[in-house]
Structures are given as C-alpha cells and as structure tokens.
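Student: Handing over my_file25.tsv, TSV, C-alpha atoms.
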chain	number	residue	atom	x	y	z
A	4	MET	CA	101.04	-49.99	254.86
A	5	THR	CA	101.42	-47.00	252.54
A	6	LEU	CA	103.50	-43.86	252.75
A	7	SER	CA	100.39	-41.77	253.42
A	8	ASP	CA	98.67	-44.10	255.93
A	9	PRO	CA	98.05	-41.84	258.98
A	10	THR	CA	97.59	-44.87	261.27
A	11	HIS	CA	101.13	-46.04	260.61
A	12	ARG	CA	103.07	-42.87	260.02
A	13	THR	CA	106.20	-43.25	257.94
A	14	ALA	CA	109.50	-41.40	258.14
A	15	VAL	CA	111.71	-41.00	255.09
A	16	ILE	CA	115.48	-40.52	255.36
A	17	LEU	CA	117.13	-39.15	252.21
A	18	LEU	CA	120.63	-40.59	252.45
A	19	SER	CA	123.35	-38.65	250.63
A	20	ARG	CA	127.15	-38.47	250.37
A	21	GLY	CA	128.74	-35.49	252.14
A	22	GLY	CA	131.01	-32.75	250.89
A	23	ASN	CA	133.37	-30.07	252.23
A	24	GLY	CA	131.41	-27.00	251.24
A	25	PRO	CA	127.85	-25.87	251.97
A	26	ALA	CA	126.52	-26.78	248.52
A	27	ALA	CA	125.86	-30.44	249.39
A	28	ALA	CA	123.88	-29.53	252.51
A	29	GLU	CA	121.90	-26.84	250.67
A	30	GLU	CA	121.00	-29.22	247.85
A	31	LEU	CA	119.90	-31.95	250.25
A	32	GLN	CA	117.84	-29.43	252.23
A	33	THR	CA	116.07	-28.29	249.05
A	34	LEU	CA	115.32	-31.91	248.17
A	35	GLN	CA	113.90	-32.52	251.65
A	36	GLU	CA	111.58	-29.52	251.34
A	37	ARG	CA	110.29	-30.68	247.96
A	38	MET	CA	109.70	-34.20	249.25
A	39	ARG	CA	107.81	-32.88	252.28
A	40	ALA	CA	105.46	-31.04	249.92
A	41	LEU	CA	104.90	-34.25	247.92
A	42	LEU	CA	104.52	-36.49	251.00
A	43	PRO	CA	102.75	-34.32	253.59
A	44	ASP	CA	101.91	-37.30	255.81
A	45	CYS	CA	105.54	-38.35	256.16
A	46	ARG	CA	108.41	-37.09	258.25
A	47	VAL	CA	111.18	-36.37	255.76
A	48	THR	CA	114.74	-35.78	256.90
A	49	GLY	CA	118.23	-36.04	255.48
A	50	ALA	CA	121.40	-37.89	256.47
A	51	TYR	CA	124.89	-38.50	255.16
A	52	VAL	CA	126.88	-41.66	254.58
A	53	ASP	CA	130.19	-39.85	255.10
A	54	ARG	CA	131.98	-36.48	255.52
A	55	ALA	CA	129.06	-34.69	257.17
A	56	GLU	CA	126.31	-34.99	259.74
A	57	PRO	CA	123.68	-36.00	260.64
A	58	SER	CA	124.79	-39.57	260.15
A	59	LEU	CA	122.30	-42.37	259.54
A	60	PRO	CA	122.13	-43.28	263.27
A	61	GLN	CA	121.50	-39.62	264.15
A	62	ALA	CA	118.73	-39.43	261.56
A	63	LEU	CA	117.18	-42.64	262.91
A	64	ASP	CA	117.21	-41.07	266.39
A	65	ALA	CA	115.40	-38.02	265.02
A	66	CYS	CA	112.57	-39.93	263.32
A	67	GLY	CA	110.54	-40.12	266.51
A	68	PRO	CA	107.55	-42.42	267.07
A	69	VAL	CA	106.67	-43.77	263.63
A	70	GLY	CA	105.62	-47.17	262.35
A	71	ARG	CA	108.10	-47.40	259.50
A	72	ILE	CA	111.31	-45.74	258.35
A	73	VAL	CA	112.23	-45.77	254.66
A	74	VAL	CA	115.89	-45.03	253.88
A	75	GLN	CA	116.21	-43.72	250.32
A	76	PRO	CA	119.77	-43.45	248.92
A	77	VAL	CA	120.04	-40.31	246.78
A	78	PHE	CA	123.58	-40.69	245.44
A	79	VAL	CA	125.05	-42.03	242.21
A	80	PRO	CA	126.85	-44.34	241.68
A	81	GLY	CA	125.63	-46.85	244.23
A	82	ASP	CA	127.88	-49.25	246.12
A	83	HIS	CA	126.57	-52.73	246.97
A	84	ALA	CA	129.12	-53.31	249.74
A	85	LEU	CA	128.28	-49.94	251.29
A	86	GLU	CA	124.56	-50.63	251.07
A	87	ARG	CA	124.99	-53.98	252.85
A	88	TRP	CA	126.96	-52.27	255.60
A	89	LEU	CA	124.34	-49.54	255.99
A	90	ARG	CA	121.82	-52.24	256.79
A	91	LYS	CA	124.16	-53.32	259.60
A	92	VAL	CA	124.18	-49.73	260.85
A	93	ALA	CA	120.39	-49.80	261.04
A	94	LEU	CA	120.36	-53.14	262.86
A	95	ARG	CA	122.99	-51.98	265.34
A	96	TRP	CA	120.99	-48.81	265.96
A	97	ARG	CA	117.93	-50.92	266.71
A	98	HIS	CA	119.91	-53.21	269.02
A	99	ARG	CA	121.02	-50.19	271.10
A	100	GLN	CA	117.47	-49.01	271.75
A	101	PRO	CA	115.92	-49.61	275.20
A	102	ARG	CA	113.19	-51.76	273.60
A	103	PRO	CA	114.51	-53.07	270.25
A	104	GLU	CA	111.33	-55.04	269.63
A	105	ALA	CA	109.30	-51.81	269.72
A	106	THR	CA	111.34	-49.92	267.14
A	107	PRO	CA	109.85	-49.09	263.72
A	108	GLU	CA	110.28	-51.22	260.64
A	109	ILE	CA	113.31	-50.03	258.67
A	110	VAL	CA	113.50	-50.61	254.93
A	111	PHE	CA	115.98	-49.50	252.30
A	112	ALA	CA	114.51	-48.24	249.05
A	113	PRO	CA	116.23	-49.08	245.74
A	114	ALA	CA	119.43	-47.20	244.92
A	115	LEU	CA	118.90	-44.06	242.87
A	116	GLY	CA	120.92	-45.30	239.89
A	117	GLY	CA	118.67	-48.33	239.53
A	118	LEU	CA	115.42	-46.38	239.22
A	119	ALA	CA	113.87	-46.76	235.77
A	120	GLY	CA	112.59	-43.16	235.74
A	121	LEU	CA	116.00	-41.58	236.34
A	122	ALA	CA	116.94	-41.62	232.64
A	123	ASP	CA	113.67	-39.84	231.79
A	124	LEU	CA	114.43	-37.09	234.33
A	125	LEU	CA	117.94	-36.68	232.92
A	126	ALA	CA	116.57	-36.46	229.40
A	127	GLN	CA	114.23	-33.65	230.52
A	128	ALA	CA	117.18	-31.85	232.09
A	129	LEU	CA	119.14	-32.12	228.85
A	130	HIS	CA	116.25	-30.58	226.90
A	131	THR	CA	116.33	-27.67	229.38
A	132	ALA	CA	120.11	-27.36	229.02
A	133	ALA	CA	119.78	-26.86	225.28
A	134	GLY	CA	118.61	-23.30	225.91
A	135	LEU	CA	121.32	-22.31	228.38
A	136	PRO	CA	124.13	-19.84	227.50
A	137	ASP	CA	127.74	-20.82	226.79
A	138	VAL	CA	130.04	-21.00	229.84
A	139	ALA	CA	131.99	-17.93	228.65
A	140	LYS	CA	128.86	-15.78	229.01
A	141	THR	CA	128.36	-16.74	232.67
A	142	ALA	CA	131.98	-16.71	233.89
A	143	SER	CA	133.56	-13.95	235.97
A	144	ALA	CA	135.76	-11.43	234.15
A	145	ARG	CA	138.65	-12.65	236.33
A	146	TRP	CA	138.14	-16.33	235.60
A	147	GLN	CA	141.87	-16.80	234.82
A	148	HIS	CA	142.96	-15.52	238.26
A	149	ASP	CA	143.12	-17.84	241.28
A	150	PRO	CA	143.14	-16.67	244.92
A	151	VAL	CA	146.65	-15.89	246.21
A	152	ALA	CA	146.18	-18.40	249.05
A	153	TRP	CA	146.04	-21.26	246.57
A	154	SER	CA	149.80	-20.86	246.11
A	155	ASP	CA	150.71	-20.49	249.80
A	156	VAL	CA	151.48	-23.41	252.10
A	157	PRO	CA	149.63	-22.78	255.39
A	158	VAL	CA	151.68	-22.40	258.57
A	159	HIS	CA	151.56	-25.67	260.52
A	160	GLU	CA	153.74	-28.14	262.40
A	161	ARG	CA	151.53	-31.22	262.14
A	162	HIS	CA	148.82	-32.69	259.97
A	163	VAL	CA	145.74	-33.87	261.84
A	164	LEU	CA	143.87	-36.30	259.59
A	165	VAL	CA	140.30	-37.03	260.68
A	166	CYS	CA	138.62	-40.05	259.15
A	167	MET	CA	135.25	-39.11	257.69
A	168	GLY	CA	134.61	-42.42	255.97
A	169	PRO	CA	131.20	-44.08	256.29
A	170	ARG	CA	131.92	-46.11	259.42
A	171	CYS	CA	133.62	-43.33	261.38
A	172	THR	CA	130.83	-40.96	260.34
A	173	ALA	CA	128.27	-43.40	261.73
A	174	LEU	CA	130.27	-43.51	264.98
A	175	GLY	CA	130.19	-39.73	265.45
A	176	ALA	CA	133.17	-38.36	263.50
A	177	GLY	CA	131.09	-35.48	262.12
A	178	ALA	CA	130.60	-33.87	265.52
A	179	LEU	CA	134.30	-34.30	266.34
A	180	TRP	CA	135.27	-32.67	263.05
A	181	HIS	CA	133.12	-29.61	263.75
A	182	ARG	CA	134.56	-29.36	267.26
A	183	LEU	CA	138.11	-29.57	265.90
A	184	VAL	CA	137.47	-26.88	263.28
A	185	ARG	CA	135.86	-24.52	265.82
A	186	ARG	CA	138.70	-24.95	268.30
A	187	ARG	CA	141.30	-24.29	265.62
A	188	GLN	CA	139.48	-21.17	264.42
A	189	ASP	CA	139.37	-19.80	267.96
A	190	ASP	CA	143.00	-20.54	268.89
A	191	SER	CA	145.88	-18.92	266.98
A	192	ALA	CA	148.44	-21.23	268.64
A	193	LEU	CA	146.47	-24.28	267.55
A	194	ARG	CA	146.36	-22.95	263.99
A	195	LYS	CA	150.16	-22.90	264.05
A	196	HIS	CA	150.40	-26.40	265.46
A	197	ALA	CA	147.89	-28.16	263.21
A	198	MET	CA	146.59	-28.25	259.68
A	199	VAL	CA	143.36	-30.26	259.90
A	200	LEU	CA	142.10	-32.35	257.01
A	201	GLN	CA	139.33	-34.84	256.37
A	202	THR	CA	140.19	-38.22	254.89
A	203	GLY	CA	138.23	-41.12	253.49
A	204	CYS	CA	138.27	-44.50	255.19
A	205	GLN	CA	141.47	-45.23	257.14
A	206	TYR	CA	140.41	-48.93	257.36
A	207	PRO	CA	140.64	-50.07	261.03
A	208	CYS	CA	136.96	-49.12	261.29
A	209	ASN	CA	136.25	-50.90	264.57
A	210	HIS	CA	138.52	-48.34	266.28
A	211	GLY	CA	136.52	-45.38	264.98
A	212	PRO	CA	136.22	-42.47	265.15
A	213	LEU	CA	139.86	-42.36	263.99
A	214	MET	CA	142.37	-39.53	263.76
A	215	ILE	CA	146.04	-39.62	262.70
A	216	VAL	CA	148.66	-37.07	263.71
A	217	TYR	CA	151.71	-36.68	261.44
A	218	PRO	CA	154.69	-36.51	261.39
A	219	ASP	CA	154.33	-38.20	264.79
A	220	GLY	CA	152.72	-41.22	263.14
A	221	LEU	CA	150.20	-41.68	265.95
A	222	TRP	CA	146.76	-43.18	265.33
A	223	TYR	CA	144.05	-42.29	267.82
A	224	GLY	CA	140.78	-44.21	267.98
A	225	ARG	CA	137.44	-44.52	269.75
A	226	LEU	CA	137.53	-40.76	270.16
A	227	ASP	CA	135.01	-38.60	271.94
A	228	ALA	CA	134.94	-34.86	272.67
A	229	ALA	CA	136.98	-35.17	275.88
A	230	ALA	CA	139.70	-37.23	274.20
A	231	LEU	CA	139.87	-34.80	271.28
A	232	ASP	CA	140.32	-31.87	273.66
A	233	ARG	CA	143.14	-33.65	275.51
A	234	ILE	CA	144.96	-34.31	272.25
A	235	LEU	CA	144.58	-30.68	271.17
A	236	ASP	CA	145.63	-29.35	274.59
A	237	GLU	CA	148.44	-31.75	275.41
A	238	HIS	CA	149.72	-33.62	272.37
A	239	LEU	CA	149.85	-30.90	269.74
A	240	PRO	CA	151.59	-28.21	271.83
A	241	ALA	CA	153.68	-30.44	274.13
A	242	GLY	CA	153.90	-33.89	272.55
A	243	THR	CA	152.09	-35.66	275.42
A	244	VAL	CA	150.43	-38.75	273.97
A	245	ASP	CA	146.93	-39.78	275.04
A	246	GLU	CA	147.78	-43.44	275.61
A	247	ALA	CA	144.18	-44.38	276.46
A	248	HIS	CA	143.09	-43.69	272.88
A	249	LEU	CA	146.29	-44.63	271.02
A	250	VAL	CA	145.64	-47.57	268.69
A	251	HIS	CA	148.79	-47.58	266.53
A	252	ARG	CA	152.26	-46.07	266.14
A	253	THR	CA	153.71	-45.90	262.65
A	254	GLY	CA	157.22	-47.33	262.37
Could you write out this structure as structure tokens?
Tutor:
Amino acid sequence: MTLSDPTHRTAVILLSRGGNGPAAAEELQTLQERMRALLPDCRVTGAYVDRAEPSLPQALDACGPVGRIVVQPVFVPGDHALERWLRKVALRWRHRQPRPEATPEIVFAPALGGLAGLADLLAQALHTAAGLPDVAKTASARWQHDPVAWSDVPVHERHVLVCMGPRCTALGAGALWHRLVRRRQDDSALRKHAMVLQTGCQYPCNHGPLMIVYPDGLWYGRLDAAALDRILDEHLPAGTVDEAHLVHRTG
C-alpha cells in the first residue's frame, strides 16, 4: 500500500504541539496546505498533542473512510514516553468504535528530529538567513516600550487552572478551555471572580479533563460542558462545590 494508492486511500495527520496564540495554528494550517498539494490522493489534516484542538482522537474521527492513517509528528524535540502513550490513544480510539475490526490501519511515522533530511533543510534555511537584515532594521521604533497591561495584576478572586497536558487534551480539555474563555469574555462578574490559565500536566491523568480552583484548593475531574457550567455558575460566585466532579481537596 502506498500513499497515493487510490484503492486504499490514506489519511495523514500532522501532529503538533499547541500554543497560546494563533501563530501555531496558522503555521500548522500552512503546512497542511503544502502537504495536500504534494499528496493530492491523501486526506491531510492536523492535530495537537496538547494545549489546543483538534486532539488526536478528534483528528482520527475526522479522517473518514480510509484504509490507512499515518500519524506524522511534526515537533522537535521528540519524546519517547509521549510517543508510546500516543499509540495507546490510537488503540483506545479504535476500541471505542462500533466495529473496531473495521477501522483503518494506524501507523506512526518517524519523529521529525530523527529524519536524516532535516539537517539538509536547516542548512538551506541558514543559507537563506545569510541575506536577511539585522534585527534592528526590522524592529518597531517603540521596541523598548511594553504594553501598560504587562505591569498590572488583573482583577480576580480565584485562579482557575485548566490542565492542557497531552492526556487531558486527548480527553477533550481543548473544547472546555474554549468554552471557559468565551463564558468569561461574555460575563463581567465572571471576569472578576476568575483568572483562567492553562497548565501543563497536573498528573492524575485518569481523572481528566482536570481543573483546579485556587485559593480553594479544589481539584475537579472528568469534566464535561455541563459540569464546567455548574462550577462557573455556582462555585465561583457562591462557593458551592460540585461534589460529583470533585477528585481532591488540598490540605
């Protein structure tokens, strides 16, 4: 079976690490478009290990009826433990399907950092960089001035820390994060009650998606949209704990 075999169509998932701003998504989108031009017989999509969506399970859902799915990591450095776990994610996704035996083959391509041609591409980029202008010629005239807000502590009563590590991301934390941010933007009272932040892995991954509220020291787990709304509507303004999703109290 080859990537261009029309009888056994292949999907390619470009698997990246996420980021807070739009730059990561824009760069991955550009890479997807270039790969689609190079592999016109393949379905090419993107996914994120952490901090953004779609997650790998969401991307697998979106591949549709194909014979094979190739997952290509596009981040450096690699992480052997993470790569082993991502294979578990793929197997668990397959196990959840109505007919697991009918799902496509799923393979993981070599990590980007291990590709022999990567050094050649970097060398070409360095040759291009030799003709670029000094940083002083491209900087803003106000490069020494930072935004005023960088010195101001935002108004808030609590920190809401949402885990966006790889395992919580695979369990749907990305959608919860976007819901939390939208609700806070639309509600001035909620902005006063909560400063929302993403975190890396909070470690009790089997309880994910996880969220911690401080200074209360309450850890919420196995969250969905309804549970998140209850916490925002009842815990943050009134201190009412959602016991059904409470997995730990600090202290």
Student: Please determine the residues with any atom at most 10 Å from (120.2, -38.7, 260.7) (coordinates as given in the file, with only C-alpha atoms counting) and report them as an MDAnalysis selection string.
Tutor: chainID A and resid 16:18 48:52 56:66 173
Student: Excluding Ala229 in chain A and any residue of its chain fewer than 5 positions from it, enumerate the residues within 12 Å of it, using all atoms listed in the file, and give them as a ChimeraX atom specification.
Tutor: /A:179,182-183,234-237,245,247-248
Student: Between CA of Asp219 in chain A and CA of Pro169 in chain A, what is the distance, to one decimal in Å?
Tutor: 25.3 Å
Student: Which is closest to Asn23 in chain A among A:Met167, A:Met214, A:Leu239, A:Leu115, if we use all atoms listed in the file?
Tutor: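 Between A:Met167, A:Met214, A:Leu239, A:Leu115, the residue approaching Asn23 in chain A most closely is A:Met167.
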Student: Which residues of range 18-86 of chain A sit at most 12 Å from range 196-208 of chain A, using only C-alpha atoms? Give each one's shortest atom pair and distance in Å (one decimal place), in chain and ascending residue order, as a tab-separated table.
Tutor:
residue	atom	partner	partner_atom	distance
A:Arg20	CA	A:Gly203	CA	11.8
A:Gly21	CA	A:Gly203	CA	11.1
A:Gly22	CA	A:Gln201	CA	10.2
A:Asn23	CA	A:Gln201	CA	8.7
A:Val52	CA	A:Gly203	CA	11.4
A:Asp53	CA	A:Gly203	CA	8.3
A:Arg54	CA	A:Gln201	CA	7.6
A:Ala55	CA	A:Gln201	CA	10.3
Student: Complete the atoms of range 75-86 of chain A to all heavy atoms and put them out as a JSON list (two decimals), in the coordinates of the input.
Tutor:
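File produced: part.json:
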[["chain", "number", "residue", "atom", "x", "y", "z"],
["A", 75, "GLN", "N", 116.09, -43.85, 251.77],
["A", 75, "GLN", "CA", 116.21, -43.72, 250.32],
["A", 75, "GLN", "C", 117.59, -43.17, 249.95],
["A", 75, "GLN", "O", 117.87, -41.99, 250.17],
["A", 75, "GLN", "CB", 115.14, -42.80, 249.77],
["A", 75, "GLN", "CG", 115.28, -42.49, 248.27],
["A", 75, "GLN", "CD", 115.17, -43.73, 247.41],
["A", 75, "GLN", "OE1", 114.10, -44.31, 247.32],
["A", 75, "GLN", "NE2", 116.27, -44.13, 246.77],
["A", 76, "PRO", "N", 118.49, -43.99, 249.41],
["A", 76, "PRO", "CA", 119.77, -43.45, 248.92],
["A", 76, "PRO", "C", 119.52, -42.47, 247.78],
["A", 76, "PRO", "O", 118.71, -42.73, 246.88],
["A", 76, "PRO", "CB", 120.52, -44.70, 248.42],
["A", 76, "PRO", "CG", 119.86, -45.85, 249.12],
["A", 76, "PRO", "CD", 118.42, -45.45, 249.25],
["A", 77, "VAL", "N", 120.21, -41.32, 247.82],
["A", 77, "VAL", "CA", 120.04, -40.31, 246.78],
["A", 77, "VAL", "C", 121.40, -39.94, 246.18],
["A", 77, "VAL", "O", 121.65, -38.79, 245.86],
["A", 77, "VAL", "CB", 119.31, -39.05, 247.32],
["A", 77, "VAL", "CG1", 117.86, -39.37, 247.61],
["A", 77, "VAL", "CG2", 119.99, -38.48, 248.55],
["A", 78, "PHE", "N", 122.26, -40.95, 246.03],
["A", 78, "PHE", "CA", 123.58, -40.69, 245.44],
["A", 78, "PHE", "C", 123.83, -41.68, 244.31],
["A", 78, "PHE", "O", 123.32, -42.79, 244.30],
["A", 78, "PHE", "CB", 124.69, -40.75, 246.50],
["A", 78, "PHE", "CG", 124.70, -42.02, 247.30],
["A", 78, "PHE", "CD1", 125.38, -43.15, 246.86],
["A", 78, "PHE", "CD2", 124.04, -42.10, 248.52],
["A", 78, "PHE", "CE1", 125.40, -44.32, 247.60],
["A", 78, "PHE", "CE2", 124.05, -43.25, 249.28],
["A", 78, "PHE", "CZ", 124.74, -44.37, 248.82],
["A", 79, "VAL", "N", 124.64, -41.23, 243.36],
["A", 79, "VAL", "CA", 125.05, -42.03, 242.21],
["A", 79, "VAL", "C", 126.56, -41.88, 242.06],
["A", 79, "VAL", "O", 127.07, -40.77, 242.17],
["A", 79, "VAL", "CB", 124.34, -41.55, 240.91],
["A", 79, "VAL", "CG1", 124.85, -42.31, 239.70],
["A", 79, "VAL", "CG2", 122.82, -41.70, 241.03],
["A", 80, "PRO", "N", 127.32, -42.96, 241.81],
["A", 80, "PRO", "CA", 126.85, -44.34, 241.68],
["A", 80, "PRO", "C", 126.60, -44.98, 243.02],
["A", 80, "PRO", "O", 127.08, -44.50, 244.05],
["A", 80, "PRO", "CB", 128.01, -45.02, 240.95],
["A", 80, "PRO", "CG", 129.22, -44.27, 241.41],
["A", 80, "PRO", "CD", 128.77, -42.85, 241.56],
["A", 81, "GLY", "N", 125.85, -46.08, 243.01],
["A", 81, "GLY", "CA", 125.63, -46.85, 244.23],
["A", 81, "GLY", "C", 126.85, -47.72, 244.55],
["A", 81, "GLY", "O", 127.83, -47.74, 243.82],
["A", 82, "ASP", "N", 126.78, -48.40, 245.67],
["A", 82, "ASP", "CA", 127.88, -49.25, 246.12],
["A", 82, "ASP", "C", 127.25, -50.40, 246.91],
["A", 82, "ASP", "O", 126.76, -50.21, 248.02],
["A", 82, "ASP", "CB", 128.83, -48.44, 247.00],
["A", 82, "ASP", "CG", 130.04, -49.21, 247.48],
["A", 82, "ASP", "OD1", 129.91, -50.44, 247.70],
["A", 82, "ASP", "OD2", 131.11, -48.61, 247.67],
["A", 83, "HIS", "N", 127.26, -51.60, 246.34],
["A", 83, "HIS", "CA", 126.57, -52.73, 246.97],
["A", 83, "HIS", "C", 127.15, -53.06, 248.34],
["A", 83, "HIS", "O", 126.41, -53.35, 249.29],
["A", 83, "HIS", "CB", 126.62, -53.96, 246.06],
["A", 83, "HIS", "CG", 125.84, -53.80, 244.79],
["A", 83, "HIS", "ND1", 124.54, -53.35, 244.76],
["A", 83, "HIS", "CD2", 126.18, -54.02, 243.49],
["A", 83, "HIS", "CE1", 124.10, -53.31, 243.51],
["A", 83, "HIS", "NE2", 125.08, -53.70, 242.72],
["A", 84, "ALA", "N", 128.49, -53.00, 248.45],
["A", 84, "ALA", "CA", 129.12, -53.31, 249.74],
["A", 84, "ALA", "C", 128.72, -52.27, 250.79],
["A", 84, "ALA", "O", 128.43, -52.60, 251.94],
["A", 84, "ALA", "CB", 130.64, -53.37, 249.59],
["A", 85, "LEU", "N", 128.69, -51.01, 250.37],
["A", 85, "LEU", "CA", 128.28, -49.94, 251.29],
["A", 85, "LEU", "C", 126.83, -50.11, 251.70],
["A", 85, "LEU", "O", 126.48, -49.95, 252.88],
["A", 85, "LEU", "CB", 128.49, -48.58, 250.62],
["A", 85, "LEU", "CG", 128.03, -47.35, 251.41],
["A", 85, "LEU", "CD1", 128.78, -47.24, 252.73],
["A", 85, "LEU", "CD2", 128.22, -46.09, 250.58],
["A", 86, "GLU", "N", 125.97, -50.46, 250.76],
["A", 86, "GLU", "CA", 124.56, -50.63, 251.07],
["A", 86, "GLU", "C", 124.35, -51.78, 252.05],
["A", 86, "GLU", "O", 123.50, -51.68, 252.95],
["A", 86, "GLU", "CB", 123.78, -50.84, 249.77],
["A", 86, "GLU", "CG", 123.71, -49.58, 248.91],
["A", 86, "GLU", "CD", 123.29, -49.87, 247.48],
["A", 86, "GLU", "OE1", 122.83, -51.01, 247.21],
["A", 86, "GLU", "OE2", 123.41, -48.97, 246.62]]
